[in-house]
file protein_36.csv (CSV, N, CA and C atoms and all ligand atoms)
chain,number,residue,atom,x,y,z
P,477,MET,N,-0.1,24.5,47.2
P,477,MET,CA,1.1,24.1,47.8
P,477,MET,C,2.1,23.7,46.7
P,478,THR,N,3.3,24.2,46.9
P,478,THR,CA,4.4,23.9,45.8
P,478,THR,C,5.1,22.7,46.2
P,479,ARG,N,5.9,22.2,45.2
P,479,ARG,CA,6.7,21.0,45.4
P,479,ARG,C,7.7,21.3,46.5
P,480,ASN,N,8.3,22.5,46.6
P,480,ASN,CA,9.3,22.8,47.6
P,480,ASN,C,8.7,22.7,49.0
P,481,ALA,N,7.4,23.1,49.2
P,481,ALA,CA,6.8,23.0,50.5
P,481,ALA,C,6.7,21.5,50.9
P,482,LEU,N,6.6,20.6,49.9
P,482,LEU,CA,6.4,19.2,50.2
P,482,LEU,C,7.8,18.5,50.4
P,483,ALA,N,8.9,19.2,50.0
P,483,ALA,CA,10.2,18.6,49.9
P,483,ALA,C,10.6,17.9,51.2
P,484,PRO,N,10.4,18.5,52.4
P,484,PRO,CA,10.8,17.8,53.6
P,484,PRO,C,10.1,16.5,53.9
P,485,LEU,N,8.9,16.3,53.2
P,485,LEU,CA,8.1,15.1,53.5
P,485,LEU,C,8.4,14.0,52.4
P,486,MET,N,9.1,14.4,51.4
P,486,MET,CA,9.2,13.5,50.2
P,486,MET,C,10.3,12.4,50.5
P,487,ALA,N,9.8,11.2,50.3
P,487,ALA,CA,10.7,10.0,50.4
P,487,ALA,C,11.6,9.9,49.2
P,488,GLU,N,12.8,9.3,49.3
P,488,GLU,CA,13.7,9.1,48.2
P,488,GLU,C,13.0,8.4,47.1
P,489,ALA,N,12.1,7.4,47.4
P,489,ALA,CA,11.4,6.6,46.4
P,489,ALA,C,10.5,7.5,45.6
P,490,GLU,N,9.9,8.5,46.2
P,490,GLU,CA,9.0,9.4,45.5
P,490,GLU,C,9.8,10.3,44.6
P,491,LEU,N,10.9,10.8,45.1
P,491,LEU,CA,11.8,11.6,44.3
P,491,LEU,C,12.3,10.9,43.0
P,492,GLN,N,12.7,9.6,43.3
P,492,GLN,CA,13.1,8.8,42.2
P,492,GLN,C,12.0,8.5,41.2
P,493,SER,N,10.9,8.2,41.7
P,493,SER,CA,9.7,8.0,40.8
P,493,SER,C,9.4,9.2,39.9
P,494,ALA,N,9.5,10.4,40.5
P,494,ALA,CA,9.2,11.6,39.7
P,494,ALA,C,10.2,11.8,38.6
P,495,ILE,N,11.5,11.5,38.9
P,495,ILE,CA,12.5,11.7,37.9
P,495,ILE,C,12.5,10.6,36.9
P,496,LEU,N,12.2,9.4,37.3
P,496,LEU,CA,12.1,8.3,36.3
P,496,LEU,C,10.9,8.6,35.4
P,497,ASP,N,9.8,9.1,35.9
P,497,ASP,CA,8.7,9.4,35.1
P,497,ASP,C,9.0,10.5,34.1
P,498,ALA,N,9.7,11.5,34.6
P,498,ALA,CA,10.1,12.6,33.6
P,498,ALA,C,11.0,12.1,32.5
P,499,CYS,N,12.0,11.2,32.9
P,499,CYS,CA,12.8,10.6,31.9
P,499,CYS,C,12.0,9.8,30.9
P,500,GLY,N,11.0,9.1,31.4
P,500,GLY,CA,10.1,8.3,30.5
P,500,GLY,C,9.4,9.2,29.5
P,501,TYR,N,8.8,10.3,30.0
P,501,TYR,CA,8.1,11.3,29.2
P,501,TYR,C,9.0,11.9,28.1
P,502,LEU,N,10.3,12.1,28.5
P,502,LEU,CA,11.2,12.8,27.7
P,502,LEU,C,11.9,11.8,26.7
P,503,GLY,N,11.8,10.5,27.0
P,503,GLY,CA,12.4,9.5,26.1
P,503,GLY,C,13.9,9.4,26.4
P,504,LEU,N,14.3,9.7,27.6
P,504,LEU,CA,15.7,9.6,28.0
P,504,LEU,C,16.1,8.3,28.6
P,505,PRO,N,17.0,7.6,28.0
P,505,PRO,CA,17.4,6.3,28.6
P,505,PRO,C,18.0,6.5,30.0
P,506,VAL,N,17.6,5.7,31.0
P,506,VAL,CA,18.0,5.9,32.3
P,506,VAL,C,18.3,4.5,32.9
P,507,MET,N,19.3,4.4,33.7
P,507,MET,CA,19.6,3.2,34.4
P,507,MET,C,19.5,3.4,35.9
P,508,HIS,N,18.9,2.5,36.6
P,508,HIS,CA,18.7,2.6,38.0
P,508,HIS,C,19.1,1.3,38.7
P,509,ILE,N,20.0,1.4,39.6
P,509,ILE,CA,20.4,0.2,40.4
P,509,ILE,C,19.6,0.3,41.7
P,510,ASN,N,18.8,-0.7,42.0
P,510,ASN,CA,17.9,-0.7,43.2
P,510,ASN,C,18.7,-0.6,44.4
P,511,ASP,N,19.8,-1.4,44.5
P,511,ASP,CA,20.6,-1.4,45.7
P,511,ASP,C,22.0,-1.9,45.4
P,512,SER,N,22.9,-1.0,45.4
P,512,SER,CA,24.3,-1.3,44.9
P,512,SER,C,25.1,-1.9,46.0
P,513,ARG,N,24.6,-2.0,47.2
P,513,ARG,CA,25.4,-2.5,48.3
P,513,ARG,C,25.6,-4.0,48.1
P,514,GLY,N,26.8,-4.5,48.4
P,514,GLY,CA,27.1,-5.9,48.2
P,514,GLY,C,27.5,-6.2,46.8
P,515,GLN,N,27.4,-5.3,45.9
P,515,GLN,CA,27.9,-5.5,44.6
P,515,GLN,C,29.2,-4.8,44.4
P,516,LYS,N,29.8,-4.9,43.3
P,516,LYS,CA,31.1,-4.2,43.1
P,516,LYS,C,30.9,-2.7,42.8
P,517,ALA,N,29.7,-2.3,42.9
P,517,ALA,CA,29.3,-0.9,42.6
P,517,ALA,C,28.8,-0.2,43.9
P,518,THR,N,29.2,-0.6,45.0
P,518,THR,CA,28.7,0.0,46.3
P,518,THR,C,29.0,1.5,46.2
P,519,GLY,N,27.9,2.2,46.4
P,519,GLY,CA,28.0,3.7,46.4
P,519,GLY,C,27.7,4.3,45.0
P,520,TYR,N,27.5,3.5,44.0
P,520,TYR,CA,27.3,4.0,42.6
P,520,TYR,C,26.0,4.8,42.7
P,521,PRO,N,26.0,6.0,42.0
P,521,PRO,CA,24.8,6.8,42.0
P,521,PRO,C,23.5,6.1,41.6
P,522,ASP,N,22.4,6.6,42.2
P,522,ASP,CA,21.1,5.9,41.9
P,522,ASP,C,20.7,5.9,40.5
P,523,LEU,N,21.0,7.0,39.8
P,523,LEU,CA,20.5,7.1,38.4
P,523,LEU,C,21.7,7.5,37.5
P,524,CYS,N,21.7,6.8,36.3
P,524,CYS,CA,22.6,7.2,35.2
P,524,CYS,C,21.6,7.5,34.0
P,525,ILE,N,21.6,8.8,33.7
P,525,ILE,CA,20.7,9.3,32.6
P,525,ILE,C,21.5,9.7,31.4
P,526,ALA,N,21.2,9.1,30.3
P,526,ALA,CA,21.9,9.4,29.0
P,526,ALA,C,21.0,10.5,28.4
P,527,ASP,N,21.4,11.8,28.8
P,527,ASP,CA,20.6,12.9,28.2
P,527,ASP,C,21.2,13.3,26.9
P,528,TYR,N,20.9,12.6,25.9
P,528,TYR,CA,21.5,12.9,24.6
P,528,TYR,C,21.1,14.2,24.0
P,529,ARG,N,20.0,14.8,24.5
P,529,ARG,CA,19.6,16.2,24.0
P,529,ARG,C,20.6,17.2,24.5
P,530,ALA,N,21.1,17.0,25.7
P,530,ALA,CA,22.1,17.9,26.3
P,530,ALA,C,23.5,17.4,26.1
P,531,GLU,N,23.6,16.3,25.4
P,531,GLU,CA,24.9,15.7,25.2
P,531,GLU,C,25.7,15.5,26.5
P,532,THR,N,24.9,15.0,27.5
P,532,THR,CA,25.4,14.9,28.8
P,532,THR,C,25.0,13.5,29.4
P,533,VAL,N,25.9,12.9,30.1
P,533,VAL,CA,25.5,11.7,30.9
P,533,VAL,C,25.4,12.2,32.3
P,534,ARG,N,24.3,12.0,32.9
P,534,ARG,CA,24.0,12.5,34.3
P,534,ARG,C,24.0,11.4,35.3
P,535,PHE,N,24.9,11.5,36.3
P,535,PHE,CA,24.9,10.5,37.4
P,535,PHE,C,24.3,11.2,38.6
P,536,TRP,N,23.2,10.8,39.0
P,536,TRP,CA,22.5,11.5,40.1
P,536,TRP,C,22.3,10.5,41.3
P,537,GLU,N,22.8,11.0,42.4
P,537,GLU,CA,22.5,10.3,43.7
P,537,GLU,C,21.3,11.0,44.3
P,538,LEU,N,20.3,10.3,44.6
P,538,LEU,CA,19.1,10.8,45.2
P,538,LEU,C,19.1,10.7,46.7
P,539,LYS,N,18.6,11.7,47.4
P,539,LYS,CA,18.5,11.7,48.8
P,539,LYS,C,17.3,12.4,49.3
P,540,THR,N,16.8,12.1,50.5
P,540,THR,CA,15.8,12.9,51.1
P,540,THR,C,16.4,14.2,51.5
P,541,GLU,N,15.6,15.2,52.0
P,541,GLU,CA,16.2,16.4,52.4
P,541,GLU,C,17.2,16.3,53.5
P,542,ARG,N,17.1,15.3,54.3
P,542,ARG,CA,18.0,15.1,55.4
P,542,ARG,C,18.9,13.8,55.2
P,543,GLY,N,18.8,13.2,54.0
P,543,GLY,CA,19.6,12.0,53.7
P,543,GLY,C,21.1,12.4,53.7
P,544,ILE,N,21.9,11.4,54.1
P,544,ILE,CA,23.3,11.6,54.2
P,544,ILE,C,24.0,10.8,53.1
P,545,VAL,N,24.9,11.5,52.4
P,545,VAL,CA,25.7,10.9,51.4
P,545,VAL,C,26.8,10.0,52.0
P,546,SER,N,26.9,8.7,51.8
P,546,SER,CA,27.8,7.8,52.4
P,546,SER,C,29.2,8.1,51.8
P,547,PRO,N,30.3,7.6,52.5
P,547,PRO,CA,31.6,7.8,52.0
P,547,PRO,C,31.8,7.1,50.6
P,548,ASN,N,31.2,5.9,50.4
P,548,ASN,CA,31.3,5.2,49.1
P,548,ASN,C,30.6,6.1,48.0
P,549,GLN,N,29.5,6.7,48.4
P,549,GLN,CA,28.8,7.5,47.4
P,549,GLN,C,29.6,8.8,47.1
P,550,GLN,N,30.2,9.3,48.1
P,550,GLN,CA,31.0,10.5,47.9
P,550,GLN,C,32.2,10.2,47.0
P,551,GLU,N,32.7,9.0,47.2
P,551,GLU,CA,33.9,8.6,46.4
P,551,GLU,C,33.5,8.4,44.9
P,552,TRP,N,32.3,7.8,44.7
P,552,TRP,CA,31.8,7.7,43.3
P,552,TRP,C,31.5,9.0,42.7
P,553,LEU,N,30.9,9.9,43.4
P,553,LEU,CA,30.5,11.2,42.9
P,553,LEU,C,31.7,12.0,42.6
P,554,ALA,N,32.7,11.9,43.4
P,554,ALA,CA,34.0,12.7,43.2
P,554,ALA,C,34.7,12.2,41.9
P,555,ALA,N,34.8,10.8,41.8
P,555,ALA,CA,35.4,10.3,40.6
P,555,ALA,C,34.7,10.6,39.3
P,556,LEU,N,33.4,10.4,39.4
P,556,LEU,CA,32.6,10.7,38.2
P,556,LEU,C,32.7,12.2,37.8
P,557,GLY,N,32.6,13.0,38.9
P,557,GLY,CA,32.7,14.5,38.7
P,557,GLY,C,34.0,15.0,38.1
P,558,ALA,N,35.1,14.2,38.3
P,558,ALA,CA,36.4,14.6,37.8
P,558,ALA,C,36.5,14.2,36.3
P,559,CYS,N,35.6,13.5,35.8
P,559,CYS,CA,35.7,13.0,34.4
P,559,CYS,C,35.1,14.1,33.5
P,560,HIS,N,35.9,14.5,32.5
P,560,HIS,CA,35.5,15.5,31.5
P,560,HIS,C,35.0,14.9,30.2
P,561,ARG,N,35.2,13.6,30.1
P,561,ARG,CA,34.7,12.9,28.9
P,561,ARG,C,34.0,11.6,29.3
P,562,VAL,N,33.2,11.2,28.4
P,562,VAL,CA,32.5,9.9,28.6
P,562,VAL,C,32.9,9.1,27.4
P,563,ASP,N,33.5,8.0,27.7
P,563,ASP,CA,34.0,7.0,26.7
P,563,ASP,C,32.9,6.0,26.5
P,564,VAL,N,32.2,6.1,25.3
P,564,VAL,CA,31.1,5.2,25.0
P,564,VAL,C,31.5,4.2,23.9
P,565,ARG,N,31.7,3.0,24.2
P,565,ARG,CA,32.1,2.1,23.2
P,565,ARG,C,31.5,0.7,23.4
P,566,VAL,N,31.5,0.0,22.3
P,566,VAL,CA,31.2,-1.5,22.4
P,566,VAL,C,32.6,-2.1,22.5
P,567,ILE,N,32.8,-2.9,23.5
P,567,ILE,CA,34.1,-3.5,23.6
P,567,ILE,C,34.0,-5.0,23.3
P,568,ARG,N,34.8,-5.4,22.4
P,568,ARG,CA,34.8,-6.8,21.9
P,568,ARG,C,36.1,-7.5,22.3
P,569,PRO,N,36.1,-8.9,22.5
P,569,PRO,CA,37.3,-9.6,22.9
P,569,PRO,C,38.5,-9.3,22.0
P,570,ALA,N,38.3,-9.1,20.7
P,570,ALA,CA,39.5,-8.8,19.9
P,570,ALA,C,40.2,-7.5,20.3
P,571,TRP,N,39.6,-6.6,21.0
P,571,TRP,CA,40.2,-5.4,21.4
P,571,TRP,C,40.7,-5.3,22.8
P,572,LEU,N,40.6,-6.5,23.5
P,572,LEU,CA,41.0,-6.5,24.9
P,572,LEU,C,42.3,-6.0,25.2
P,573,ASP,N,43.3,-6.4,24.4
P,573,ASP,CA,44.7,-5.9,24.7
P,573,ASP,C,44.8,-4.4,24.5
P,574,GLN,N,44.1,-3.9,23.5
P,574,GLN,CA,44.2,-2.4,23.3
P,574,GLN,C,43.5,-1.7,24.4
P,575,VAL,N,42.3,-2.1,24.9
P,575,VAL,CA,41.6,-1.4,25.9
P,575,VAL,C,42.4,-1.5,27.3
P,576,LEU,N,43.0,-2.7,27.5
P,576,LEU,CA,43.8,-2.8,28.7
P,576,LEU,C,45.0,-1.9,28.7
P,577,GLU,N,45.6,-1.8,27.5
P,577,GLU,CA,46.7,-0.8,27.4
P,577,GLU,C,46.2,0.6,27.6
P,578,GLU,N,45.1,0.9,27.1
P,578,GLU,CA,44.5,2.3,27.3
P,578,GLU,C,44.3,2.5,28.8
P,579,LEU,N,43.7,1.6,29.4
P,579,LEU,CA,43.4,1.7,30.9
P,579,LEU,C,44.7,1.9,31.6
P,580,GLY,N,45.7,1.1,31.3
P,580,GLY,CA,47.0,1.2,32.0
P,580,GLY,C,47.7,2.5,31.9
P,581,ARG,N,47.6,3.2,30.7
P,581,ARG,CA,48.3,4.4,30.6
P,581,ARG,C,47.3,5.6,30.8
P,582,GLY,N,46.1,5.3,31.1
P,582,GLY,CA,45.1,6.4,31.3
P,582,GLY,C,44.8,7.2,30.1
P,583,GLY,N,45.1,6.6,28.9
P,583,GLY,CA,44.9,7.3,27.7
P,583,GLY,C,43.5,7.0,27.1
P,584,VAL,N,43.4,7.5,25.9
P,584,VAL,CA,42.1,7.3,25.1
P,584,VAL,C,42.5,6.5,23.9
P,585,ARG,N,41.5,6.3,23.1
P,585,ARG,CA,41.7,5.3,22.0
P,585,ARG,C,42.7,5.8,21.0
P,586,VAL,N,43.3,4.8,20.4
P,586,VAL,CA,44.4,5.0,19.4
P,586,VAL,C,43.7,5.2,18.1
P,587,ALA,N,42.8,4.4,17.7
P,587,ALA,CA,42.1,4.6,16.4
P,587,ALA,C,40.6,4.5,16.7
P,588,THR,N,39.8,5.4,16.1
P,588,THR,CA,38.4,5.3,16.3
P,588,THR,C,37.6,5.3,15.0
P,589,GLU,N,36.5,4.8,15.1
P,589,GLU,CA,35.6,4.8,14.0
P,589,GLU,C,34.2,5.2,14.5
P,590,HIS,N,33.6,6.3,14.0
P,590,HIS,CA,32.3,6.6,14.4
P,590,HIS,C,31.3,5.7,13.9
P,591,VAL,N,30.5,5.1,14.7
P,591,VAL,CA,29.6,4.0,14.3
P,591,VAL,C,28.2,4.6,14.0
P,592,GLY,N,27.9,5.8,14.6
P,592,GLY,CA,26.6,6.4,14.3
P,592,GLY,C,25.5,5.9,15.3
P,593,HIS,N,24.4,5.8,14.8
P,593,HIS,CA,23.2,5.5,15.6
P,593,HIS,C,22.9,4.0,15.5
P,594,ASP,N,23.8,3.2,15.9
P,594,ASP,CA,23.5,1.8,15.8
P,594,ASP,C,23.3,1.1,17.2
P,595,CYS,N,23.2,2.0,18.2
P,595,CYS,CA,23.1,1.4,19.6
P,595,CYS,C,21.9,2.1,20.3
P,596,GLY,N,20.7,1.7,19.8
P,596,GLY,CA,19.5,2.2,20.4
P,596,GLY,C,19.3,3.7,20.3
P,597,GLY,N,19.9,4.3,19.2
P,597,GLY,CA,19.7,5.7,19.0
P,597,GLY,C,20.8,6.5,19.6
P,598,ALA,N,21.6,5.9,20.5
P,598,ALA,CA,22.7,6.6,21.1
P,598,ALA,C,23.9,6.7,20.1
P,599,ARG,N,24.7,7.8,20.3
P,599,ARG,CA,25.8,8.0,19.5
P,599,ARG,C,27.0,7.2,20.1
P,600,VAL,N,27.5,6.3,19.3
P,600,VAL,CA,28.5,5.4,19.8
P,600,VAL,C,29.8,5.5,18.9
P,601,THR,N,30.9,5.6,19.6
P,601,THR,CA,32.2,5.5,18.9
P,601,THR,C,32.8,4.2,19.2
P,602,ARG,N,33.3,3.6,18.1
P,602,ARG,CA,33.9,2.3,18.3
P,602,ARG,C,35.4,2.3,18.1
P,603,THR,N,36.1,1.6,18.9
P,603,THR,CA,37.5,1.5,18.7
P,603,THR,C,37.8,0.3,17.8
P,604,ASP,N,38.7,0.6,16.8
P,604,ASP,CA,39.0,-0.5,15.9
P,604,ASP,C,40.0,-1.4,16.5
P,605,ALA,N,40.2,-2.6,16.0
P,605,ALA,CA,41.2,-3.5,16.5
P,605,ALA,C,42.5,-2.9,16.2
P,606,PRO,N,43.5,-3.2,17.0
P,606,PRO,CA,44.9,-2.7,16.7
P,606,PRO,C,45.3,-3.1,15.3
P,607,ARG,N,46.1,-2.3,14.7
P,607,ARG,CA,46.6,-2.6,13.3
P,607,ARG,C,48.0,-3.1,13.3
T,1,MG,MG,20.1,7.4,47.1
call {"tool": "encode", "arguments": {"input": "protein_36.csv", "output": "structure tokens", "more": "lines below"}}
Ligand SMILES: [Mg+2]
result
Amino acid sequence: MTRNALAPLMAEAELQSAILDACGYLGLPVMHINDSRGQKATGYPDLCIADYRAETVRFWELKTERGIVSPNQQEWLAALGACHRVDVRVIRPAWLDQVLEELGRGGVRVATEHVGHDCGGARVTRTDAPR
């Protein structure tokens, strides 16, 4: 029997467990929110996988074969899907004015410094303090 034959019977937790196991075997950092309801992240996808091998951040909402994507989940998926870049930075208080200005104008960093592999092996770009 193939996995596809079992798909209608698979619970979301089993699907999630299989993917989390795979991420573990592959050494991919993954974040999972058990239940985003009631938090400021209602509808946030179940998994955020930093697939550094594919240079891709994956946001995956897991559902059973008949599971329904909620409006909040649809909103998150649409917003994340519209993003063509991932901004990965360590933000420090000294840069607050600059990052708030960036957010306000929908722009990207003014000055950057590649930090390299100083964040758990992930490639990180740091924004310098305004000059
Ligand atoms: Mg789900």
call {"tool": "residues_near_ligand", "arguments": {"input": "protein_36.csv", "ligand": "ligand MG 1 (chain T)", "cutoff": "6 Å", "atoms": "all atoms listed in the file", "output": "list in words"}}
result
Asp522, Glu537, Leu538 and Lys539 of chain P
call {"tool": "residues_near_point", "arguments": {"input": "protein_36.csv", "point": "(36.5, 1.4, 24.6)", "cutoff": "6 Å", "atoms": "only N, CA and C atoms", "output": "list in words"}}
result
Val564, Arg565, Val566, Ile567, Val575 and Thr603 of chain P
call {"tool": "atom_distance", "arguments": {"input": "protein_36.csv", "atom1": "CA of Thr532 in chain P", "atom2": "CA of Pro569 in chain P"}}
result
27.9 Å
call {"tool": "closest_residue", "arguments": {"input": "protein_36.csv", "among": "P:Ala494, P:Ala487, P:Ala558, P:Met507", "to": "Ile525 in chain P", "atoms": "all atoms listed in the file"}}
result
P:Met507
call {"tool": "axis_aligned_box", "arguments": {"input": "protein_36.csv", "around": "range 516-519 of chain P", "padding_each_side": "4 Å", "output": "JSON"}}
result
{"center_x": 29.4, "center_y": -0.3, "center_z": 44.5, "size_x": 11.4, "size_y": 17.2, "size_z": 11.8}
call {"tool": "residues_around", "arguments": {"input": "protein_36.csv", "residues": "Pro521 in chain P", "least_positions_apart": "3", "cutoff": "6.5 Å", "atoms": "all atoms listed in the file", "output": "PyMOL selection string"}}
result
chain P and resi 509+524+535-538+549+552-553
call {"tool": "closest_residue", "arguments": {"input": "protein_36.csv", "among": "P:Arg534, P:Lys516, P:Thr540, P:Arg568", "to": "Leu482 in chain P", "atoms": "only C-alpha atoms"}}
result
P:Thr540
call {"tool": "atom_distance", "arguments": {"input": "protein_36.csv", "atom1": "CA of Leu523 in chain P", "atom2": "atom C of His508 in chain P"}}
result
6.0 Å
call {"tool": "atom_distance", "arguments": {"input": "protein_36.csv", "atom1": "atom N of Val545 in chain P", "atom2": "atom C of Val506 in chain P"}}
result
21.7 Å
call {"tool": "residues_around", "arguments": {"input": "protein_36.csv", "residues": "Leu504 in chain P", "least_positions_apart": "5", "cutoff": "8 Å", "atoms": "all atoms listed in the file", "output": "ChimeraX atom specification"}}
result
/P:498-499,524-529
call {"tool": "closest_residue", "arguments": {"input": "protein_36.csv", "among": "P:Gln550, P:Glu577, P:Trp571, P:Ala483", "to": "Tyr520 in chain P", "atoms": "only N, CA and C atoms"}}
result
P:Gln550
call {"tool": "closest_residue", "arguments": {"input": "protein_36.csv", "among": "P:Ala530, P:Ala517, P:Leu496, P:Pro484", "to": "Arg542 in chain P", "atoms": "only N, CA and C atoms"}}
result
P:Pro484
call {"tool": "select_by_dssp", "arguments": {"input": "protein_36.csv", "residues": "range 535-593 of chain P", "states": "strand (DSSP E or B)", "output": "PyMOL selection string"}}
result
chain P and resi 535-536+588-593
call {"tool": "select_by_dssp", "arguments": {"input": "protein_36.csv", "residues": "range 486-542 of chain P", "states": "alpha helix (DSSP H)", "output": "list in words"}}
result
Glu488, Ala489, Glu490, Leu491, Gln492, Ser493, Ala494, Ile495, Leu496, Asp497, Ala498, Cys499, Gly500, Tyr501 and Leu502 of chain P
